[in-house]
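> Starting off with a structure, shown below.
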Amino acid sequence: MRPACALLGLCCLIRSITGRPAGDFCSQDLISGAKPGFPTTIKTNDPGVLRAARHTVEWFNNCTNDIFLFKESHINRALVQIVKGLKYMLDVEIGRTTCKKTGHPCLDNCDFQTNSTLKQTFGCYSEVWVIPWLHKYEVPVLRCH
């Protein structure tokens with residue numbers, strides 16, 4: 001936050017001395033084109049997106065009575081919005097794995113079901129709110145079909 005405040009202070013100082021902004025210097029976006037409050041498309045392989053997708057699946061697994069765990073199989077689209085933290089909006093496909101919930105395994109070690117009677121996938125839209133400085137993740141919206 002301090003670099004942003006210093007940049008703003010420098011812009012104000014230049015403006016007060018010259019009576020005008022310093023060229024394009026003050027009009028540049030401070031965070032690579034992302035503006036607070038506006039959703040921006042982000043790469044689906046971004047580490048933050050991957051963590052948000054994993055939290056989506058963990059939330060889904062906690063909300064279902066299925067004996068098997070699900071995990072993300074493909075992220076179709078991802079948006080991020082700068083709010084009080086980051087809000088990821090994901091269109092993600094999840095699939096049933098061979099791991100049972102009672103085993104509490106790491107999802108990275110779980111393979112997807114290949115048995116046609118047990119194989120199941122869902123398309124989900126989720127919103128994951130991340131507050132990095134509190135190490136907090138919330139999934140206020142999760143819709144799967």
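Going through the structure tokens in order, the chains are called A, B, and so on, while each chain numbers its residues from 1 and the ligands are numbered from 1 in the order shown.
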Using only C-alpha atoms, which residues sit within 8 Å of Lys87 (chain A) once same-chain residues fewer than 2 positions away are excluded, as a list of chain:residue names?

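Near neighbours after the sequence-gap exclusion: A:Val80, A:Gln81, A:Ile82, A:Val83, A:Gly85, A:Met89, A:Glu127, A:Val128, A:Trp129, A:Val130.
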
> How would the residues just picked look written out with N, CA, C and O atoms as a short mmCIF file (atom, residue, chain, number, x, y, z; two decimals), in the first residue's frame?


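Saved to selection_31.cif:
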```
data_model
loop_
_atom_site.label_atom_id
_atom_site.label_comp_id
_atom_site.auth_asym_id
_atom_site.auth_seq_id
_atom_site.Cartn_x
_atom_site.Cartn_y
_atom_site.Cartn_z
N VAL A 80 -11.59 -12.27 -12.02
CA VAL A 80 -11.20 -11.83 -10.70
C VAL A 80 -11.67 -10.39 -10.53
O VAL A 80 -11.66 -9.60 -11.48
N GLN A 81 -12.11 -10.07 -9.32
CA GLN A 81 -12.58 -8.73 -9.00
C GLN A 81 -11.88 -8.30 -7.72
O GLN A 81 -11.84 -9.05 -6.75
N ILE A 82 -11.31 -7.10 -7.75
CA ILE A 82 -10.65 -6.57 -6.56
C ILE A 82 -11.72 -5.91 -5.70
O ILE A 82 -12.35 -4.94 -6.10
N VAL A 83 -11.95 -6.49 -4.56
CA VAL A 83 -12.89 -5.96 -3.57
C VAL A 83 -12.09 -5.86 -2.27
O VAL A 83 -10.91 -5.57 -2.32
N GLY A 85 -10.18 -7.65 -0.70
CA GLY A 85 -9.54 -8.92 -1.02
C GLY A 85 -9.76 -9.18 -2.50
O GLY A 85 -9.85 -8.25 -3.30
N MET A 89 -14.47 -15.54 -9.78
CA MET A 89 -15.70 -16.09 -10.34
C MET A 89 -15.30 -17.15 -11.35
O MET A 89 -14.62 -16.84 -12.33
N GLU A 127 -18.19 -18.55 -6.73
CA GLU A 127 -17.53 -17.31 -6.38
C GLU A 127 -16.75 -17.58 -5.10
O GLU A 127 -17.31 -18.06 -4.12
N VAL A 128 -15.48 -17.32 -5.17
CA VAL A 128 -14.59 -17.57 -4.03
C VAL A 128 -13.98 -16.23 -3.62
O VAL A 128 -13.32 -15.57 -4.41
N TRP A 129 -14.24 -15.86 -2.38
CA TRP A 129 -13.73 -14.61 -1.85
C TRP A 129 -12.48 -14.91 -1.04
O TRP A 129 -12.51 -15.70 -0.10
N VAL A 130 -11.37 -14.29 -1.42
CA VAL A 130 -10.08 -14.53 -0.78
C VAL A 130 -9.62 -13.25 -0.11
O VAL A 130 -9.56 -12.19 -0.75
#
```

> Using DSSP on the backbone coordinates, identify the residues of region 23-89 of chain A assigned to alpha helix (DSSP H); present them as an MDAnalysis selection string.

chainID A and resid 47:63

> Generate a file of the selected residues that holds N, CA, C and O atoms, formatted as a short mmCIF file (atom, residue, chain, number, x, y, z; two decimals), in the first residue's frame.


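Output file result_26.cif is given in full below:
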```
data_model
loop_
_atom_site.label_atom_id
_atom_site.label_comp_id
_atom_site.auth_asym_id
_atom_site.auth_seq_id
_atom_site.Cartn_x
_atom_site.Cartn_y
_atom_site.Cartn_z
N PRO A 47 -2.13 -19.34 -10.44
CA PRO A 47 -2.11 -20.01 -9.13
C PRO A 47 -3.28 -19.63 -8.22
O PRO A 47 -3.82 -20.48 -7.51
N GLY A 48 -3.68 -18.36 -8.24
CA GLY A 48 -4.83 -17.94 -7.43
C GLY A 48 -6.12 -18.60 -7.89
O GLY A 48 -6.97 -18.98 -7.08
N VAL A 49 -6.29 -18.73 -9.19
CA VAL A 49 -7.47 -19.40 -9.76
C VAL A 49 -7.47 -20.87 -9.36
O VAL A 49 -8.51 -21.42 -8.97
N LEU A 50 -6.32 -21.52 -9.44
CA LEU A 50 -6.23 -22.94 -9.09
C LEU A 50 -6.57 -23.17 -7.62
O LEU A 50 -7.27 -24.12 -7.27
N ARG A 51 -6.09 -22.27 -6.74
CA ARG A 51 -6.43 -22.39 -5.31
C ARG A 51 -7.91 -22.16 -5.09
O ARG A 51 -8.56 -22.86 -4.30
N ALA A 52 -8.49 -21.18 -5.80
CA ALA A 52 -9.92 -20.91 -5.66
C ALA A 52 -10.75 -22.09 -6.15
O ALA A 52 -11.76 -22.45 -5.53
N ALA A 53 -10.32 -22.73 -7.23
CA ALA A 53 -11.02 -23.91 -7.74
C ALA A 53 -10.95 -25.05 -6.72
O ALA A 53 -11.94 -25.76 -6.51
N ARG A 54 -9.82 -25.20 -6.08
CA ARG A 54 -9.69 -26.26 -5.06
C ARG A 54 -10.61 -25.98 -3.87
O ARG A 54 -11.23 -26.88 -3.33
N HIS A 55 -10.73 -24.72 -3.48
CA HIS A 55 -11.65 -24.38 -2.39
C HIS A 55 -13.09 -24.63 -2.80
O HIS A 55 -13.92 -25.04 -1.98
N THR A 56 -13.41 -24.39 -4.07
CA THR A 56 -14.74 -24.69 -4.58
C THR A 56 -15.05 -26.17 -4.40
O THR A 56 -16.12 -26.55 -3.91
N VAL A 57 -14.12 -27.02 -4.78
CA VAL A 57 -14.32 -28.47 -4.69
C VAL A 57 -14.40 -28.92 -3.24
O VAL A 57 -15.23 -29.76 -2.89
N GLU A 58 -13.57 -28.36 -2.39
CA GLU A 58 -13.63 -28.73 -0.97
C GLU A 58 -14.98 -28.35 -0.37
O GLU A 58 -15.57 -29.12 0.40
N TRP A 59 -15.50 -27.19 -0.75
CA TRP A 59 -16.81 -26.76 -0.28
C TRP A 59 -17.88 -27.72 -0.79
O TRP A 59 -18.76 -28.14 -0.04
N PHE A 60 -17.80 -28.09 -2.08
CA PHE A 60 -18.74 -29.04 -2.68
C PHE A 60 -18.69 -30.37 -1.92
O PHE A 60 -19.74 -30.93 -1.58
N ASN A 61 -17.49 -30.87 -1.66
CA ASN A 61 -17.35 -32.16 -0.96
C ASN A 61 -17.95 -32.12 0.44
O ASN A 61 -18.51 -33.10 0.90
N ASN A 62 -17.84 -30.97 1.10
CA ASN A 62 -18.42 -30.84 2.45
C ASN A 62 -19.93 -30.75 2.43
O ASN A 62 -20.58 -30.99 3.44
N CYS A 63 -20.49 -30.38 1.29
CA CYS A 63 -21.94 -30.17 1.19
C CYS A 63 -22.70 -31.37 0.63
O CYS A 63 -23.92 -31.37 0.60
#
```

> Could you tell me how far CA of Lys71 (chain A) sits from CA of Asp111 (chain A), in Å to one decimal place?

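Here the two named atoms are 9.1 Å from each other.
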
> Write out as a ChimeraX atom specification the residues lying within 12 Å of Asn65 (chain A), counting only C-alpha atoms and excluding same-chain residues fewer than 4 positions away.

/A:60-61,69-70,100-102

> Put those residues in a file: C-alpha atoms, as an mmCIF file, in the first residue's frame.


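Result file is again.cif:
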```cif
data_model
loop_
_atom_site.group_PDB
_atom_site.id
_atom_site.type_symbol
_atom_site.label_atom_id
_atom_site.label_comp_id
_atom_site.auth_asym_id
_atom_site.auth_seq_id
_atom_site.Cartn_x
_atom_site.Cartn_y
_atom_site.Cartn_z
ATOM 1 C CA PHE A 60 -18.742 -29.035 -2.676
ATOM 2 C CA ASN A 61 -17.355 -32.156 -0.964
ATOM 3 C CA LEU A 69 -14.551 -37.074 -3.200
ATOM 4 C CA PHE A 70 -14.810 -34.799 -6.220
ATOM 5 C CA LYS A 100 -13.550 -42.075 -0.500
ATOM 6 C CA LYS A 101 -14.292 -39.292 1.951
ATOM 7 C CA THR A 102 -13.492 -41.520 4.912
#
```

> Of the residues A:Ser126, A:Asn109, A:Thr40, A:Ser116, which is the one nearest to Ile94 (chain A), using only C-alpha atoms?

A:Ser126

> Just how far from CA of Val141 (chain A) is CA of Cys99 (chain A), in Å to one decimal?

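Atom-to-atom, CA of Cys99 (chain A) and CA of Val141 (chain A) are spaced 25.3 Å apart.
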
> Which residue is closest to Phe68 (chain A)? Choose from A:Cys106, A:Val92, A:Leu118, A:Pro36 and count only C-alpha atoms.

A:Leu118
